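S.K.: Dumping the structure here so I can ask a few things about it.
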Amino acid sequence: MQTHAKNVPTEELQSIVGGERVRDASEEDAVDGVTPSVVVEPGTVEETSEVMKLASREGLAVSPRGGGTKMGLGNPPREADLILSTARMDEVIEHAPGDQIVRVQAGIKLEDLQERLAGADQMLGIDPPEGAAGATVGGIVAANSSGPRRLRYGTVRDLIIGIRVVLADGTVAKAGGKVVKNVAGYDLSKLFTGSLGTLGVIAEANFRLHPVRETARTVVVEVDDYKTVADAAQDLTHSSFTQFVLDALEMRWDGNKGVVAALFEGIEPAVEAQTTAASQILGSHGEVRVLDGDDGEAFWEDLGRRPWAAGDVGLKVSAPPADLTAVLDSVLGAAGRREVEVRVSGHAGTGVTFAGLSGGEDGLVEVVEEVREIRVRRGGSVLVQEAPLSIKSRLDAWGTGGDYLGLTRRVKEKFDPGYTMNPGRFLGGI
Amino acid sequence: MDRGQLIQTMKEILGPQGVIHEREELRTYECDGLMNYRVIPDLVVLPESAEQVQQIVKTCYVEGIPFVARGSGTGLSGGALPVEAGILIVLTRMRRILEVDIPNGRVVVEPGVINVWVTQEVADEGYYYAPDPASQIVSSIGGNLAENSGGVHCLKYGFTTNHVMGAEVVLPDGSVVHLGGGKAPDAPGYELLGAFVGSEGTLGIATKITLRILRKPESVRTLLAAFKDTEEAGGAVSGIIGAGIVPAAIEMMDRLTTEAVETQISPGFPDAGAILIVELDGPEAEVENQFEHVIKVCEENDASEIRIAEDDEERALFWKGRKAAFGAMGSISNDYYVQDGVVPRTELGAVLKKIADLSEEYGLRVANVFHAGDGNLHPLVLYDNDAPGEAEKAEDLAGDIVFTCLEHGGSLTGEHGIGRDKMKYMPRMFTADDMNVMQLLRCAFDPHQICNPGKIFPTPRLCGERPGPFHMHPVQKAGLAENF
């Protein structure tokens, strides 16, 4: 927690970015309960670099912010003096449809980018739920956010091909490039993916794009036993519907009923054939519906939402995909024993399960600890992605990390030796 | 520790069979697939387990001895070139497939396992390992990981980095870390696995690697189309991609390449200015529909001949011809240099024209074979080592070709790596700050710079230094000391 306000040289900041681009922070700018002093909006990489130099010189803690949709992710910061907003850096620098690549400034909203790309029948294969809430590309890279289509396109790390960053000391550096295939130099694009602003400010990012598919159809099966969820998902995974045929394979369990849903996108005859085959496979587990058009879109918008609300505890459980039943056993079991209500959804095809928990505070903490102990022991992880501050003070959002924690710290200390960037929010107190 | 003591220590770790120290035997390891550079290592060690690797590296760390890890030694950028007064750690005895986990789609292997063995291991279950560099029958998974190897099918399926899900790594200080989630996705913390894959052996040694395997596609269709020249073939490539089709592979060969291949293995390629091999895979309905479209695009671009592989045998013949391209150059030239550059796909035509001009200017033949879908060129510069000055001329020409790639928005390398060979070109693609920041990562992994030193970066950075302009020490400023 912040103990004393630091001197923020507002006038000097104004001379860098312009008077109206610096303002006092309000409660709404708080980062997980810590209210910063100032919000600054640089318009260029050069201005960002100057702001960072000043912040480093003055020992100010900086929290980069895009759309502000994930300011509660991770642990509460030890300090936050300056919000560095990328909102003004929202341009498409280059879109080369023939090369299927795009270069953007970090502050562009994902939705705006997708709309631009759709004009050329292309898209960026990243579809996290916060995209609809105004998340920026920079924020999505920093948080390594993903959505249902990760089954087909992978996550940010698989699609990012270049990056430009500003380090805490103001150094501007790039890595990668604008070609899809490239092994020159270290892949810092991947290193910065998921770094939650703790290594530097992501200023620009380049991506590989994919063609928009002409048609989409969804096969949904309703199940009344959670063990059936995993069986249905495994049956589809190991049919001829591989990672590169099936676009998404998702599940939801609401306590006494659930669904497993498969999304097929492509050309009409192929989607038709896949839908028929998938209906047969899923039909042995329950009643099947086939959705398309607006019905399909509405279904996915609903299913893609995380199963928690403000005030709940939201977990992201990563596990080998074939362990889905065991994951549900541990989550539902731990919650059931403590009168904690639980709703579950997730990427059944890739082994990511989200659990929304509500109930008494002690019970919630115990559930998280129990599930985390089991899942980590079995080679996975449990992140707390949403929780009230009172619970965050009792639980680390990331868990303890693996044997790579020391290496992780050394990386942090090379890139940001003064712990200027988002101090305390990341794994291991980084 | 003198050399004698070091040999003794290594024999204690590995047994006498695991240590090579006679000069004549060491010579076997003086280079990798790029034979222009040769260095005889001080010692070669052949560990059989991760524990042995760890003990070797610990010794190197304590004694300050540089080391280089090597798999099959097929790399084409000198990435596994030994260092003088250093140890070469050869991982070819670590070649066990440790686990096959079909329900989770994972295979766990040791680094010396040969690429194609992974597919062989899981083929009966209907699975395969997607990255398929041309060297796949000899190159090792550890080497593939170090170089982030590509292959002909990476346009659709991605590169090694998209298929390595976890790695046990011996860091340059001898400690062991497990990077990536392995079977579980999204390990918390920095994406260190993504940074490690493709780091050309400079950040540590992978001793256990978790790979993703894929279900074999339901249907595969392959065609070979002949065109008047590379420009027309390039038009067909743009037409296919522009139609929203993501082929499993699109490969192009120019006339010189096909002639060489014909001389060598006679796959019966048509006589043409350029040949395209296009492969589609996936669900049958999709493949059939899009295959028709590909044929139409080839016809529209005046293909003089289109051959459709009728069965696996014919498909294998097409690919055999393509994969033999590098080796076949030996039949039309005494020596050749394999270049590896990348350009945005839409720049292919302009770059090929520039390469033809350069070829004429230098008076050396250049054969072109490339992954047309992702703009990854492999110009083969033909020369005669016995002709005075020709080797240097070939190297200059190859250099000018990658500079051309950079001018057109591309990269120095798509899959062969920077290694020793292209270090000197790095400043043409990256600023000093770019490289300094990359080396921060190096310093976090390898503070003493003993792990494959002298690769990738032309100017190694001492890890205590801060990047940026030189600042005079206050003592020095006061005239009390000089900077030596």
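Residues are named by chain letter and number: chains run A, B, ... in the order of the structure tokens, numbers start at 1 in each chain, and ligands are numbered from 1 in the order shown.
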Compile the residues of chain B that lie within 6 Å of chain A, evaluated using only C-alpha atoms, and express the compilation as a PyMOL selection string.
M.R.: chain B and resi 103-104+177+183-185+189-191+194-195+199+215+244+285-286+344-345+413-415+417+433-434+438+440+444
S.K.: List as a JSON list (two decimals) with C-alpha atoms, in the first residue's frame the protein and nucleic acid residues near Arg21 in chain A, meaning an atom at most 8 Å away when only C-alpha atoms are counted, but skip any in the same chain fewer than 6 places from it.
M.R.:
```
[["chain", "number", "residue", "atom", "x", "y", "z"],
["A", 14, "GLN", "CA", 3.06, 18.65, -19.43],
["A", 40, "VAL", "CA", -0.48, 10.92, -18.48],
["A", 41, "GLU", "CA", -1.30, 10.26, -22.12],
["A", 42, "PRO", "CA", 1.71, 10.32, -24.42]]
```
S.K.: Extract, using only C-alpha atoms, all DNA, RNA and protein residues at most 6 Å from range 261-271 of chain B, discarding same-chain residues fewer than 2 positions from it, and format them as number ranges by chain.
M.R.: B: 258-259, 321, 325, 328
S.K.: Find the residues near range 353-363 of chain B: any atom within 8 Å, counting only C-alpha atoms, skip ones fewer than 5 places away on the same chain, and give them as a list in words.
M.R.: Lys393, Leu397, Asp400, Ile401 and Thr404 of chain B
S.K.: Using Å and a single decimal, report how far CA of Leu84 in chain A sits from CA of Met52 in chain A.
M.R.: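 These two atoms are separated by 9.0 Å.
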S.K.: List as number ranges by chain the protein and nucleic acid residues near Glu369 in chain A, meaning an atom at most 12 Å away when only C-alpha atoms are counted, but skip any in the same chain fewer than 3 places from it.
M.R.: A: 315, 330-331, 334-335, 362-366, 372-376, 381-384, 391, 394-400
S.K.: Using the chain letters and numbers from this document, which residues of range 184-279 of chain A does DSSP assign to helix (DSSP H, G or I), as a PyMOL selection string?
M.R.: chain A and resi 188-192+226-237+268-279
S.K.: With N, CA and C atoms retained, export the selected residues as an mmCIF file, in the first residue's frame.
M.R.:
```cif
data_model
loop_
_atom_site.group_PDB
_atom_site.id
_atom_site.type_symbol
_atom_site.label_atom_id
_atom_site.label_comp_id
_atom_site.auth_asym_id
_atom_site.auth_seq_id
_atom_site.Cartn_x
_atom_site.Cartn_y
_atom_site.Cartn_z
ATOM 1 N N LEU A 188 11.659 -11.252 -28.389
ATOM 2 C CA LEU A 188 11.160 -10.460 -27.264
ATOM 3 C C LEU A 188 9.655 -10.250 -27.338
ATOM 4 N N SER A 189 9.069 -10.419 -28.534
ATOM 5 C CA SER A 189 7.611 -10.302 -28.635
ATOM 6 C C SER A 189 6.950 -11.296 -27.689
ATOM 7 N N LYS A 190 7.491 -12.497 -27.659
ATOM 8 C CA LYS A 190 6.910 -13.513 -26.773
ATOM 9 C C LYS A 190 7.218 -13.186 -25.320
ATOM 10 N N LEU A 191 8.435 -12.716 -25.051
ATOM 11 C CA LEU A 191 8.788 -12.402 -23.662
ATOM 12 C C LEU A 191 7.844 -11.364 -23.071
ATOM 13 N N PHE A 192 7.473 -10.367 -23.858
ATOM 14 C CA PHE A 192 6.595 -9.311 -23.352
ATOM 15 C C PHE A 192 5.131 -9.749 -23.289
ATOM 16 N N TYR A 226 -21.746 -33.597 -14.841
ATOM 17 C CA TYR A 226 -20.521 -32.889 -15.243
ATOM 18 C C TYR A 226 -19.442 -33.816 -15.790
ATOM 19 N N LYS A 227 -19.524 -35.103 -15.407
ATOM 20 C CA LYS A 227 -18.534 -36.034 -15.958
ATOM 21 C C LYS A 227 -18.725 -36.212 -17.471
ATOM 22 N N THR A 228 -19.950 -36.052 -17.910
ATOM 23 C CA THR A 228 -20.235 -36.161 -19.344
ATOM 24 C C THR A 228 -19.583 -35.041 -20.145
ATOM 25 N N VAL A 229 -19.410 -33.888 -19.488
ATOM 26 C CA VAL A 229 -18.785 -32.741 -20.165
ATOM 27 C C VAL A 229 -17.424 -33.153 -20.703
ATOM 28 N N ALA A 230 -16.613 -33.745 -19.825
ATOM 29 C CA ALA A 230 -15.261 -34.121 -20.220
ATOM 30 C C ALA A 230 -15.274 -35.238 -21.259
ATOM 31 N N ASP A 231 -16.191 -36.191 -21.106
ATOM 32 C CA ASP A 231 -16.263 -37.296 -22.070
ATOM 33 C C ASP A 231 -16.579 -36.765 -23.470
ATOM 34 N N ALA A 232 -17.560 -35.869 -23.527
ATOM 35 C CA ALA A 232 -17.960 -35.333 -24.825
ATOM 36 C C ALA A 232 -16.807 -34.558 -25.461
ATOM 37 N N ALA A 233 -16.109 -33.779 -24.637
ATOM 38 C CA ALA A 233 -14.996 -32.978 -25.157
ATOM 39 C C ALA A 233 -13.884 -33.881 -25.676
ATOM 40 N N GLN A 234 -13.562 -34.926 -24.920
ATOM 41 C CA GLN A 234 -12.495 -35.835 -25.356
ATOM 42 C C GLN A 234 -12.873 -36.569 -26.644
ATOM 43 N N ASP A 235 -14.136 -36.969 -26.740
ATOM 44 C CA ASP A 235 -14.589 -37.667 -27.956
ATOM 45 C C ASP A 235 -14.362 -36.805 -29.191
ATOM 46 N N LEU A 236 -14.682 -35.529 -29.059
ATOM 47 C CA LEU A 236 -14.505 -34.642 -30.211
ATOM 48 C C LEU A 236 -13.028 -34.391 -30.506
ATOM 49 N N THR A 237 -12.262 -34.186 -29.450
ATOM 50 C CA THR A 237 -10.832 -33.891 -29.632
ATOM 51 C C THR A 237 -10.141 -35.012 -30.392
ATOM 52 N N GLU A 268 -18.949 -23.408 -46.739
ATOM 53 C CA GLU A 268 -20.229 -24.052 -46.446
ATOM 54 C C GLU A 268 -20.213 -25.590 -46.498
ATOM 55 N N PRO A 269 -19.750 -26.197 -47.610
ATOM 56 C CA PRO A 269 -19.836 -27.666 -47.656
ATOM 57 C C PRO A 269 -19.026 -28.340 -46.556
ATOM 58 N N ALA A 270 -17.868 -27.743 -46.200
ATOM 59 C CA ALA A 270 -17.041 -28.336 -45.167
ATOM 60 C C ALA A 270 -17.699 -28.201 -43.800
ATOM 61 N N VAL A 271 -18.215 -27.001 -43.521
ATOM 62 C CA VAL A 271 -18.864 -26.763 -42.237
ATOM 63 C C VAL A 271 -20.076 -27.683 -42.084
ATOM 64 N N GLU A 272 -20.802 -27.857 -43.177
ATOM 65 C CA GLU A 272 -21.980 -28.730 -43.162
ATOM 66 C C GLU A 272 -21.576 -30.162 -42.796
ATOM 67 N N ALA A 273 -20.523 -30.647 -43.448
ATOM 68 C CA ALA A 273 -20.078 -32.024 -43.192
ATOM 69 C C ALA A 273 -19.588 -32.184 -41.759
ATOM 70 N N GLN A 274 -18.845 -31.169 -41.276
ATOM 71 C CA GLN A 274 -18.311 -31.257 -39.913
ATOM 72 C C GLN A 274 -19.426 -31.198 -38.877
ATOM 73 N N THR A 275 -20.415 -30.352 -39.155
ATOM 74 C CA THR A 275 -21.540 -30.222 -38.226
ATOM 75 C C THR A 275 -22.293 -31.549 -38.090
ATOM 76 N N THR A 276 -22.493 -32.201 -39.227
ATOM 77 C CA THR A 276 -23.194 -33.488 -39.205
ATOM 78 C C THR A 276 -22.407 -34.521 -38.405
ATOM 79 N N ALA A 277 -21.114 -34.585 -38.674
ATOM 80 C CA ALA A 277 -20.286 -35.567 -37.979
ATOM 81 C C ALA A 277 -20.226 -35.280 -36.481
ATOM 82 N N ALA A 278 -20.064 -33.996 -36.129
ATOM 83 C CA ALA A 278 -19.968 -33.638 -34.710
ATOM 84 C C ALA A 278 -21.292 -33.888 -33.999
ATOM 85 N N SER A 279 -22.409 -33.648 -34.691
ATOM 86 C CA SER A 279 -23.716 -33.885 -34.079
ATOM 87 C C SER A 279 -23.861 -35.351 -33.700
#
```
S.K.: Name the residues in contact with Thr459 in chain B at a cut-off of 10 Å, using only C-alpha atoms, excluding same-chain residues fewer than 6 positions from it; report them as a list of chain:residue names.
M.R.: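 Final neighbour list, sorted by chain and number: B:Met423, B:Lys424, B:Met426, B:Pro427, B:Ala432, B:Met435, B:Asn436, B:Gln439.
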S.K.: Rank B:Asp132, B:Glu251, B:Glu24, B:Glu147 by their smallest atom-to-atom distance to Ala226 in chain B, using only C-alpha atoms, and report the top residue only.
M.R.: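 Nearest candidate to Ala226 in chain B out of B:Asp132, B:Glu251, B:Glu24, B:Glu147: B:Glu251.
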S.K.: Within 9 Å of Leu291 in chain A, counting only C-alpha atoms, which residues qualify if same-chain residues fewer than 5 places away don't, as a list of chain:residue names?
M.R.: A:Ala216, A:Arg217, A:Thr218, A:Val219, A:Val220, A:Gly296, A:Glu297, A:Phe299
S.K.: For the residues in that selection, give me C-alpha atoms as a PDB file, in the first residue's frame.
M.R.:
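What ended up in out23.pdb:
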```
ATOM      1  CA  ALA A 216     -19.942 -20.585 -39.005  1.00  0.00           C
ATOM      2  CA  ARG A 217     -22.034 -23.208 -37.277  1.00  0.00           C
ATOM      3  CA  THR A 218     -22.199 -24.349 -33.689  1.00  0.00           C
ATOM      4  CA  VAL A 219     -23.079 -27.771 -32.346  1.00  0.00           C
ATOM      5  CA  VAL A 220     -24.273 -27.733 -28.734  1.00  0.00           C
ATOM      6  CA  GLY A 296     -24.791 -18.695 -32.979  1.00  0.00           C
ATOM      7  CA  GLU A 297     -23.234 -15.294 -32.317  1.00  0.00           C
ATOM      8  CA  PHE A 299     -24.678 -18.067 -27.954  1.00  0.00           C
TER       9      PHE A 299
END
```
S.K.: If you run DSSP over the backbone, which residues in range 224-388 of chain A end up strand (DSSP E)? Put them as a PyMOL selection string.
M.R.: chain A and resi 248-253+258-266+287-292+313-318+341-347+352-358+381-386
S.K.: Any chance you can output those residues with C-alpha atoms as a PDB file, in the first residue's frame?
M.R.:
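Result went into part_16.pdb, see below:
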```
ATOM      1  CA  ALA A 248     -13.484 -23.780 -30.615  1.00  0.00           C
ATOM      2  CA  LEU A 249     -14.497 -26.426 -28.087  1.00  0.00           C
ATOM      3  CA  GLU A 250     -16.020 -24.923 -24.978  1.00  0.00           C
ATOM      4  CA  MET A 251     -17.940 -26.059 -21.929  1.00  0.00           C
ATOM      5  CA  ARG A 252     -20.101 -24.649 -19.168  1.00  0.00           C
ATOM      6  CA  TRP A 253     -21.413 -26.203 -15.977  1.00  0.00           C
ATOM      7  CA  GLY A 258     -24.165 -27.928 -18.574  1.00  0.00           C
ATOM      8  CA  VAL A 259     -23.264 -27.657 -22.229  1.00  0.00           C
ATOM      9  CA  VAL A 260     -20.431 -28.624 -24.511  1.00  0.00           C
ATOM     10  CA  ALA A 261     -20.199 -26.571 -27.691  1.00  0.00           C
ATOM     11  CA  ALA A 262     -18.173 -26.989 -30.843  1.00  0.00           C
ATOM     12  CA  LEU A 263     -17.661 -24.184 -33.358  1.00  0.00           C
ATOM     13  CA  PHE A 264     -16.916 -24.876 -37.006  1.00  0.00           C
ATOM     14  CA  GLU A 265     -15.935 -22.093 -39.379  1.00  0.00           C
ATOM     15  CA  GLY A 266     -15.014 -22.364 -43.024  1.00  0.00           C
ATOM     16  CA  GLU A 287     -29.663 -33.617 -26.865  1.00  0.00           C
ATOM     17  CA  VAL A 288     -27.962 -31.742 -29.685  1.00  0.00           C
ATOM     18  CA  ARG A 289     -28.776 -28.331 -31.158  1.00  0.00           C
ATOM     19  CA  VAL A 290     -27.201 -26.731 -34.208  1.00  0.00           C
ATOM     20  CA  LEU A 291     -26.950 -22.921 -34.215  1.00  0.00           C
ATOM     21  CA  ASP A 292     -25.948 -20.517 -36.926  1.00  0.00           C
ATOM     22  CA  VAL A 313     -13.705 -14.913  -6.812  1.00  0.00           C
ATOM     23  CA  GLY A 314     -12.755 -15.818 -10.378  1.00  0.00           C
ATOM     24  CA  LEU A 315     -10.219 -18.549 -11.037  1.00  0.00           C
ATOM     25  CA  LYS A 316      -8.364 -19.569 -14.160  1.00  0.00           C
ATOM     26  CA  VAL A 317      -7.373 -23.214 -13.817  1.00  0.00           C
ATOM     27  CA  SER A 318      -4.833 -24.595 -16.297  1.00  0.00           C
ATOM     28  CA  GLU A 341     -21.531 -21.485  -4.923  1.00  0.00           C
ATOM     29  CA  VAL A 342     -19.705 -22.311  -8.122  1.00  0.00           C
ATOM     30  CA  ARG A 343     -20.192 -21.829 -11.871  1.00  0.00           C
ATOM     31  CA  VAL A 344     -17.686 -23.175 -14.352  1.00  0.00           C
ATOM     32  CA  SER A 345     -16.910 -22.567 -18.009  1.00  0.00           C
ATOM     33  CA  GLY A 346     -13.845 -22.967 -20.120  1.00  0.00           C
ATOM     34  CA  HIS A 347     -11.796 -23.932 -23.127  1.00  0.00           C
ATOM     35  CA  VAL A 352      -8.302 -23.844 -19.466  1.00  0.00           C
ATOM     36  CA  THR A 353     -11.195 -23.816 -16.993  1.00  0.00           C
ATOM     37  CA  PHE A 354     -12.709 -20.725 -15.393  1.00  0.00           C
ATOM     38  CA  ALA A 355     -14.512 -20.996 -12.067  1.00  0.00           C
ATOM     39  CA  GLY A 356     -16.646 -18.287 -10.465  1.00  0.00           C
ATOM     40  CA  LEU A 357     -17.040 -18.696  -6.709  1.00  0.00           C
ATOM     41  CA  SER A 358     -19.287 -16.856  -4.278  1.00  0.00           C
ATOM     42  CA  SER A 381      -1.725 -23.735 -12.220  1.00  0.00           C
ATOM     43  CA  VAL A 382      -4.541 -21.771 -10.610  1.00  0.00           C
ATOM     44  CA  LEU A 383      -4.662 -18.000 -11.042  1.00  0.00           C
ATOM     45  CA  VAL A 384      -6.993 -15.713  -9.147  1.00  0.00           C
ATOM     46  CA  GLN A 385      -8.241 -13.403 -11.892  1.00  0.00           C
ATOM     47  CA  GLU A 386     -10.961 -11.646  -9.921  1.00  0.00           C
TER      48      GLU A 386
END
```
